[in-house]
Every structure is written in C-alpha cells, then in structure tokens.
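Inspection log for the structure reproduced underneath, given as structure tokens.
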Amino acid sequence: MKRIYAIEAWCVDCKRCEVACKTFHSKSRNTVKALKAEFPPPQNRIRVEGGRQLSIAVNCRHCAAPKCVEGCVSGAMTKDPVTGVVSTNPEKCVGCRTCVSMCPFGCVRIEETFPKAVAFKCDLCGDVLGQPGEPSCVTACPNNALIYIESEG
Amino acid sequence: MLDYLLPRYKVLREDDLCVKCGVCERSCANDVHTLDEEMDAFLIDHKKCVNCQRCVVMCPTGALAITNWPQVGNGSNNWTLAAMQEIAKQSQTGGVLLTSMGNPKPFPIYWDHLLLNASQVTNPSIDPLREPMETRVFLGARPEALKVNEREHLVKTPMPPQIKLDVPVMFSAMSFGSISLNAQKSLAMAAQELGTYFNTGEGGLHKDLERFGAHAVVQVASGRFGVDTHYLNAGAMIEIKIGQGAKPGIGGHLPGEKINAEVSRTRMIPEGTDAISPAPHHDIYSIEDLRQLIFSLKEACRYQKPVAVKIAAVHNVAAIASGMVRAGADVVVLDGFRGGTGAAPTRIRDNVGIPIELALAAVDRRLREESIRSQASLVVAGTIRSSADIVKAVALGADAVYCASGPLIALGCHQCQDCASGKCNWGIATQRPELTKRLNPEIGAQRVINLVKAWNHEVQEMMGGMGINAIDSLKGNRLMLRGVGLNEKELDILGVKHAGE
C-alpha cells in the first residue's frame, strides 16, 4: 500500500501539514472557517514534534500488524483488509487510551472533544475518508518532508 | 544612542483570515511575528522585516502582505526618505553601508530598448515544434582554419579545449559560503540535467559536489580559496575572476561566522576566520601577469580545459577584453553593473561599472575589428531576466550568458537584498542548519530545470520567428535587433539601427 513517510532532514517545523489536516477533517473544508468558527474544533491527526533545529512530522504508519487494533477494547480501531488503512470509528470509541499506550510511534491521541473524548489518528485521507488518495498534509508540505509512496506490507 | 532609523516595511495581517496557526512565526528567522498568548494576538516587529516574503508565501490562508512603511518624506526630490535613512544609519554606526543583490537604481535597461525581428512574406519563419532547432553552444577558442579530410569526413585540425552547452545559459559564480550547500547542489543537479554548467565561485568545490565536476566551472579568484591541482582538474572549465559586476574594483569578505566546518574544509581555511578576498590578484598587475596565470592554470590541467577570465564591465572594457584574449583567455566573461552579489558596499554597487549591453556590444565589435573574436568565446552576465534577454545578448555578440539571480528566484529568493545578514529565510544565502534545510535540492533543482527549459523553448520560438534554426546563426546578428528610444550614440555603440530604419 502507499504510505506517508516523514523525512526528518527536510522538515522545517512550519506545521503547514497540521493546518491542512485540520482543514481536511473539518465540516467546511475551508481553513479560515474551520479554524476560526467550527465547533467542535477540527483535530489534526499529524503532529510536528521537535523545534526549529530538528523536527519531524509524527504520523500513523498504518502498520501491517497494528498494535492499536490489537489493543482496542471496543472494536473502534480497524484495519481495512482491502486498502490497509487503519482507522478509528468515533461512535464505537470509548476513549480508554489502550491504543495510545500500545502505538510504538505515538501516533494516536485522545482529544477531549464534543460529545466525548475519542481517539484521533491519521486516516490516510484522499478525496474520500478512509480511502487512499493524495493526503492533504503531503500536498501542503513545502519541502517534500512528507512523501506519499508505495511500500511493502 | 536613540535609533533614528524607521522601519522599511510594514507587515499587514488580515485578522479576518488569520487562524493563528503560527506558520509565519516559525518561518521567520528575523523574529518579526510573535504570537502572544495572553493577548491572543500577533505582535509584529515591523523594523525587523526585510521583505523576504517567506511568511507571505507560507501562510496557509493568505492573511499576510508586506507594504512600504507609510512614513512620507518631506517631498524633496533631493533629500528623499531613503537618502536620509542612509545618513541616519551611517551617523549611528560609522560604517560603510552594506547591501546585497544587484544595482536597483533606475539606470536605463537597454534590453528593454531593443526589439527583435520576425520573418514575414520574404522569408519563412520556422516552427520549432516541427523542425529541429539548435541551441547548443561550444565555448572556447576556435582554430584559425579548419583542415578537413574530405575522403574520410574527419576534421584534421586539432581542436582547442572547449565545453559544450546544450542551452545557452550557465549559472554564474556563487561560492559555497556565500550560498548554502543545498543551493549550490540544486544548481549542480540542474546543470547536469540541462547539459550546462554551474560555477563554484571562489569557495572551492565541496566534496559532495565533485560528482558534478563535469558540469562545474571552477573559479580561481584573488583569495585563492580551495584552489589546488585536484580542484583545477575537477571541473570542466577554469575561470579566473578579476572582477564582479556588482562591485568592480573591490574584493570580498565572508565573515567568520559563516565559516563553519564544511565551508572551512572546502575553502581550506581555519574555521571561524574571515575569508577575505583582496581587491586585486596580488600576482596580476598587468596583462602580462594575467597571461602568466592563465598559462599556469592551463599547465596545471595539461591544456585539457579552457580557461575563462571574468571581469566587471567598466569604462575601458573593450581594450581590456582585447588584452585578455591576447593573454590567452579562451572565454571572456563580462559582468554588468546590475549583476548580483551576496554583499557589496552600497555606494560601489550603485555607482560603479557600466551597463552590460553596451559593454558586450563594444567588446564584440573590438574583438572582431582586431580579428581575434574567434580566439575566445564571449559570455555575459548581469541581470539576464528572461529568454528575451538571452536572445538579445546573443544577437549583440555573446556566445552564451551567465545567469544567477533568475535561478535563485526559482529557488525561492525574493531579492530582499539581505543576503549579507546570513539569515536567509529561503535557505539560500545562509549557513545556519535550521535555515539551509528549508531548501530541498530535489525541489530546487526541479524548479531551476523547469525555468531553463521554459527559457530554452522561448529562445527557440523567437529564433524560429526570425527564420533562424541554430543559435550560432543568431550570434552577433545585429540586423535582428532594432532600438527604440535610444539616441545616436547609444545606437552607434550597440551597433543596431533604430526601429523603422
């Protein structure tokens, strides 16, 4: 499957990927409206860690054998057998944080949002949620620090 | 002391569009934007803004724009605000005013007073999409006469060393130190892909770029940084730099803070020491001395590589160029007064030298009059802004052009003239690791390749329109040019007729 890879050498800590991710996962898909007016506020699934000297965009690897799916107690976290995309169902999620503690990359977060705290993670967004496509963070990256390429597993 | 200086620019933030994502704050090495959490608003330090436009380009919502500081002058044409600000700065610091990039003053740009011809009725134009169109150029001396073995279709005359350009554009000298390794690597990768050359400047050839040696022009300047036999033989051509268009008659000074481990190794000087290029070459005080250096370098590369000599276009440029050719230069490089630089004293940049168009025409004419034009190729530099400038330069007698500002703009440069500060937000004119990594050479090279390919298409279109199918047939073809808005003297020096004639 195609996955997003973060290249630390080229990450410039601008966090445009975070903004693009929030926009994509908003109701309006308009950056200004999404970030200024929407409730609950849209959550970014990708997160840039580090600072100006050294930074990297931390993002779900969509593992072949995902620990988060293994640990999920409510059946919210699933790996699509066809596309390979690991995604979470907010309606089933109970916010128990098992996925957070099991993810070896720190790529799942629980956010206190409306109506309840649920897990947020990359859904490898394309044009349709849960379906692979050119992810918006990759498009927004100014320096090819995020690349979307075919990989094994 | 109270700072009398005013800000140059004002950052405009559209609050309705700003989502306070902080991309601008993290993009600015000058700390112009600061998100204040208590106020939940951005504090802007306008005085620090250099108008590099990084934040404007990076802003995800287009909320930013930069404008001039609204302070008006007193209305005097003489004591303009800019002139008074320069005095304020000098009375505060006691120093020489320093600036970067090319001469911005409103001197005439002769390229914009020259118009190209096109074929109508009496001769056919050529469609470059359907017919072959040659933009290949060879630089170096030509043999006096060509002996050909007609039976075997072989050229018998030994050919002097030459380099082959697939496009009539090379990237002008910018040293590693003045620009980042990523910037130089972008140009090297682009040069390889385009079949042309980048120039090491006087900073030596970094070991990572040695694999691009076949597409490198290695420069020997007055500081002799990074020069040894290995370096001279690593490139395709050697260039002796006598002068630079942006600062004729003076040397260079790369401050010690930019001499990090890599720059130090490449320049072969201690880390943290200032790299000072003297104004003259201390072994060149005459044309005879130049001849000695040219032949020392030719000897060092066993006469396998052409040797170019680069000078700034100054008053007696034609006579100087004639001397250079007689001294053995295979390529004469002329750099006009609008050429860029990483750092130059403002007064020098804005007041010394002559326009490249006039220098080019004068040198080409002089070399032809003296029947030595074929002994050397002619390359011009100094604000080649577009393919039209290339075509006009070739028609005025140039073999090829050097271009640096254009490719730098392709890499992201916004000509803010603040290269010397070492805080280039585009990762070009800086050695700070957190800034140099902003320029990914893969993206950079692709942008430069796109630019030059686009220019080359346009060159072919313009040549086709004139009914010319090889750039060699355009060289020195002044009948393809007409002047507009030029006086008799200017037309005479350029060697072109006025439009309508």
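Chains: A, B, ... in order of the structure tokens. Residues: from 1 per chain. Ligands: from 1, in order shown.
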Contacts of stretch 291-306 of chain B within 6 Å, only C-alpha atoms, excl. fewer than 2 positions in-chain, as a tab-separated table (two decimals) with all heavy atoms, in the first residue's frame:
```tsv
chain	number	residue	atom	x	y	z
B	140	GLY	N	35.02	28.27	-25.98
B	140	GLY	CA	36.46	28.04	-26.05
B	140	GLY	C	36.98	28.64	-27.33
B	140	GLY	O	36.22	29.18	-28.14
B	161	PRO	N	40.71	23.05	-26.40
B	161	PRO	CA	39.72	22.57	-25.43
B	161	PRO	C	38.47	23.44	-25.42
B	161	PRO	O	38.57	24.67	-25.44
B	161	PRO	CB	40.46	22.65	-24.09
B	161	PRO	CG	41.61	23.56	-24.31
B	161	PRO	CD	41.98	23.43	-25.75
B	162	GLN	N	37.32	22.80	-25.44
B	162	GLN	CA	36.04	23.53	-25.43
B	162	GLN	C	35.07	22.83	-24.49
B	162	GLN	O	35.24	21.66	-24.19
B	162	GLN	CB	35.43	23.55	-26.84
B	162	GLN	CG	36.25	24.37	-27.83
B	162	GLN	CD	35.68	24.30	-29.23
B	162	GLN	OE1	34.93	23.40	-29.56
B	162	GLN	NE2	36.05	25.27	-30.05
B	233	ASN	N	41.47	20.37	-11.72
B	233	ASN	CA	41.17	19.30	-12.65
B	233	ASN	C	39.80	18.68	-12.42
B	233	ASN	O	39.37	17.83	-13.19
B	233	ASN	CB	42.26	18.22	-12.58
B	233	ASN	CG	43.52	18.68	-13.30
B	233	ASN	OD1	43.55	18.75	-14.52
B	233	ASN	ND2	44.53	19.06	-12.54
B	237	MET	N	35.84	23.58	-16.75
B	237	MET	CA	36.49	24.80	-17.21
B	237	MET	C	37.01	25.53	-15.98
B	237	MET	O	36.45	25.40	-14.89
B	237	MET	CB	35.50	25.67	-17.99
B	237	MET	CG	36.08	27.00	-18.49
B	237	MET	SD	35.06	27.79	-19.76
B	237	MET	CE	33.85	28.65	-18.76
B	288	GLU	N	50.47	41.06	-18.95
B	288	GLU	CA	51.50	40.00	-18.99
B	288	GLU	C	51.36	39.07	-17.79
B	288	GLU	O	51.53	37.86	-17.90
B	288	GLU	CB	52.91	40.61	-19.02
B	288	GLU	CG	53.26	41.36	-20.29
B	288	GLU	CD	52.67	42.76	-20.34
B	288	GLU	OE1	52.04	43.19	-19.36
B	288	GLU	OE2	52.82	43.42	-21.39
B	289	ASP	N	51.06	39.67	-16.62
B	289	ASP	CA	50.88	38.84	-15.42
B	289	ASP	C	49.67	37.93	-15.57
B	289	ASP	O	49.68	36.78	-15.14
B	289	ASP	CB	50.69	39.72	-14.18
B	289	ASP	CG	51.98	40.45	-13.80
B	289	ASP	OD1	53.05	40.05	-14.29
B	289	ASP	OD2	51.89	41.42	-13.02
B	327	ALA	N	46.11	37.57	-23.99
B	327	ALA	CA	46.82	36.91	-22.90
B	327	ALA	C	46.52	35.41	-22.85
B	327	ALA	O	47.10	34.70	-22.05
B	327	ALA	CB	46.44	37.56	-21.57
B	330	ASP	N	40.43	31.76	-23.10
B	330	ASP	CA	39.62	31.05	-24.08
B	330	ASP	C	38.18	31.54	-24.05
B	330	ASP	O	37.45	31.40	-25.02
B	330	ASP	CB	39.63	29.55	-23.78
B	330	ASP	CG	41.03	28.98	-23.88
B	330	ASP	OD1	41.69	29.21	-24.91
B	330	ASP	OD2	41.48	28.34	-22.92
```
**Request:** Please run DSSP on the backbone and report, as a ChimeraX atom specification, all residues within chain A that come out as strand (DSSP E or B).
**Result:** /A:2-6,47-50,55-58,77-79,86-88,109-111,118-120,146-150
**Asked** Quick one: DSSP helix (DSSP H, G or I) residues in chain A, as a ChimeraX atom specification?
**Response** /A:8-10,16-24,31-36,67-71,98-102,136-140
**Message:** Can you work out which residues from chain A touch chain B at a cut-off of 12 Å (counting only C-alpha atoms) and hand them back as an MDAnalysis selection string?
**Reply:** chainID A and resid 7:23 30:38 44 48 51:55 137 139:146
Any idea what's packed within 7 Å of A:Lys92, counting only C-alpha atoms, ignoring anything in its chain fewer than 3 positions away? Could you give it as an mmCIF file with N, CA and C atoms, in the first residue's frame?
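out06.cif, freshly written:
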```cif
data_model
loop_
_atom_site.group_PDB
_atom_site.id
_atom_site.type_symbol
_atom_site.label_atom_id
_atom_site.label_comp_id
_atom_site.auth_asym_id
_atom_site.auth_seq_id
_atom_site.Cartn_x
_atom_site.Cartn_y
_atom_site.Cartn_z
ATOM 1 N N SER A 74 -12.988 -1.800 22.148
ATOM 2 C CA SER A 74 -14.372 -1.550 21.747
ATOM 3 C C SER A 74 -14.629 -1.890 20.275
ATOM 4 N N GLY A 75 -13.570 -2.297 19.581
ATOM 5 C CA GLY A 75 -13.744 -2.594 18.160
ATOM 6 C C GLY A 75 -13.819 -1.350 17.302
ATOM 7 N N ALA A 76 -13.415 -0.210 17.853
ATOM 8 C CA ALA A 76 -13.450 1.041 17.084
ATOM 9 C C ALA A 76 -12.294 1.114 16.092
ATOM 10 N N ASN A 89 -13.349 4.435 14.558
ATOM 11 C CA ASN A 89 -14.757 4.808 14.460
ATOM 12 C C ASN A 89 -15.147 5.556 15.736
#
```
**Prompt:** Which residues, written as a PyMOL selection string, have at least one atom at most 9 Å from stretch 350-358 of chain B, with only C-alpha atoms counted and residues fewer than 2 positions away on the same chain left out?
**Reply:** chain B and resi 102-105+107-111+245-249+312-315+334-339+345-348+360-363+380-383+392-393+396+490+493-494
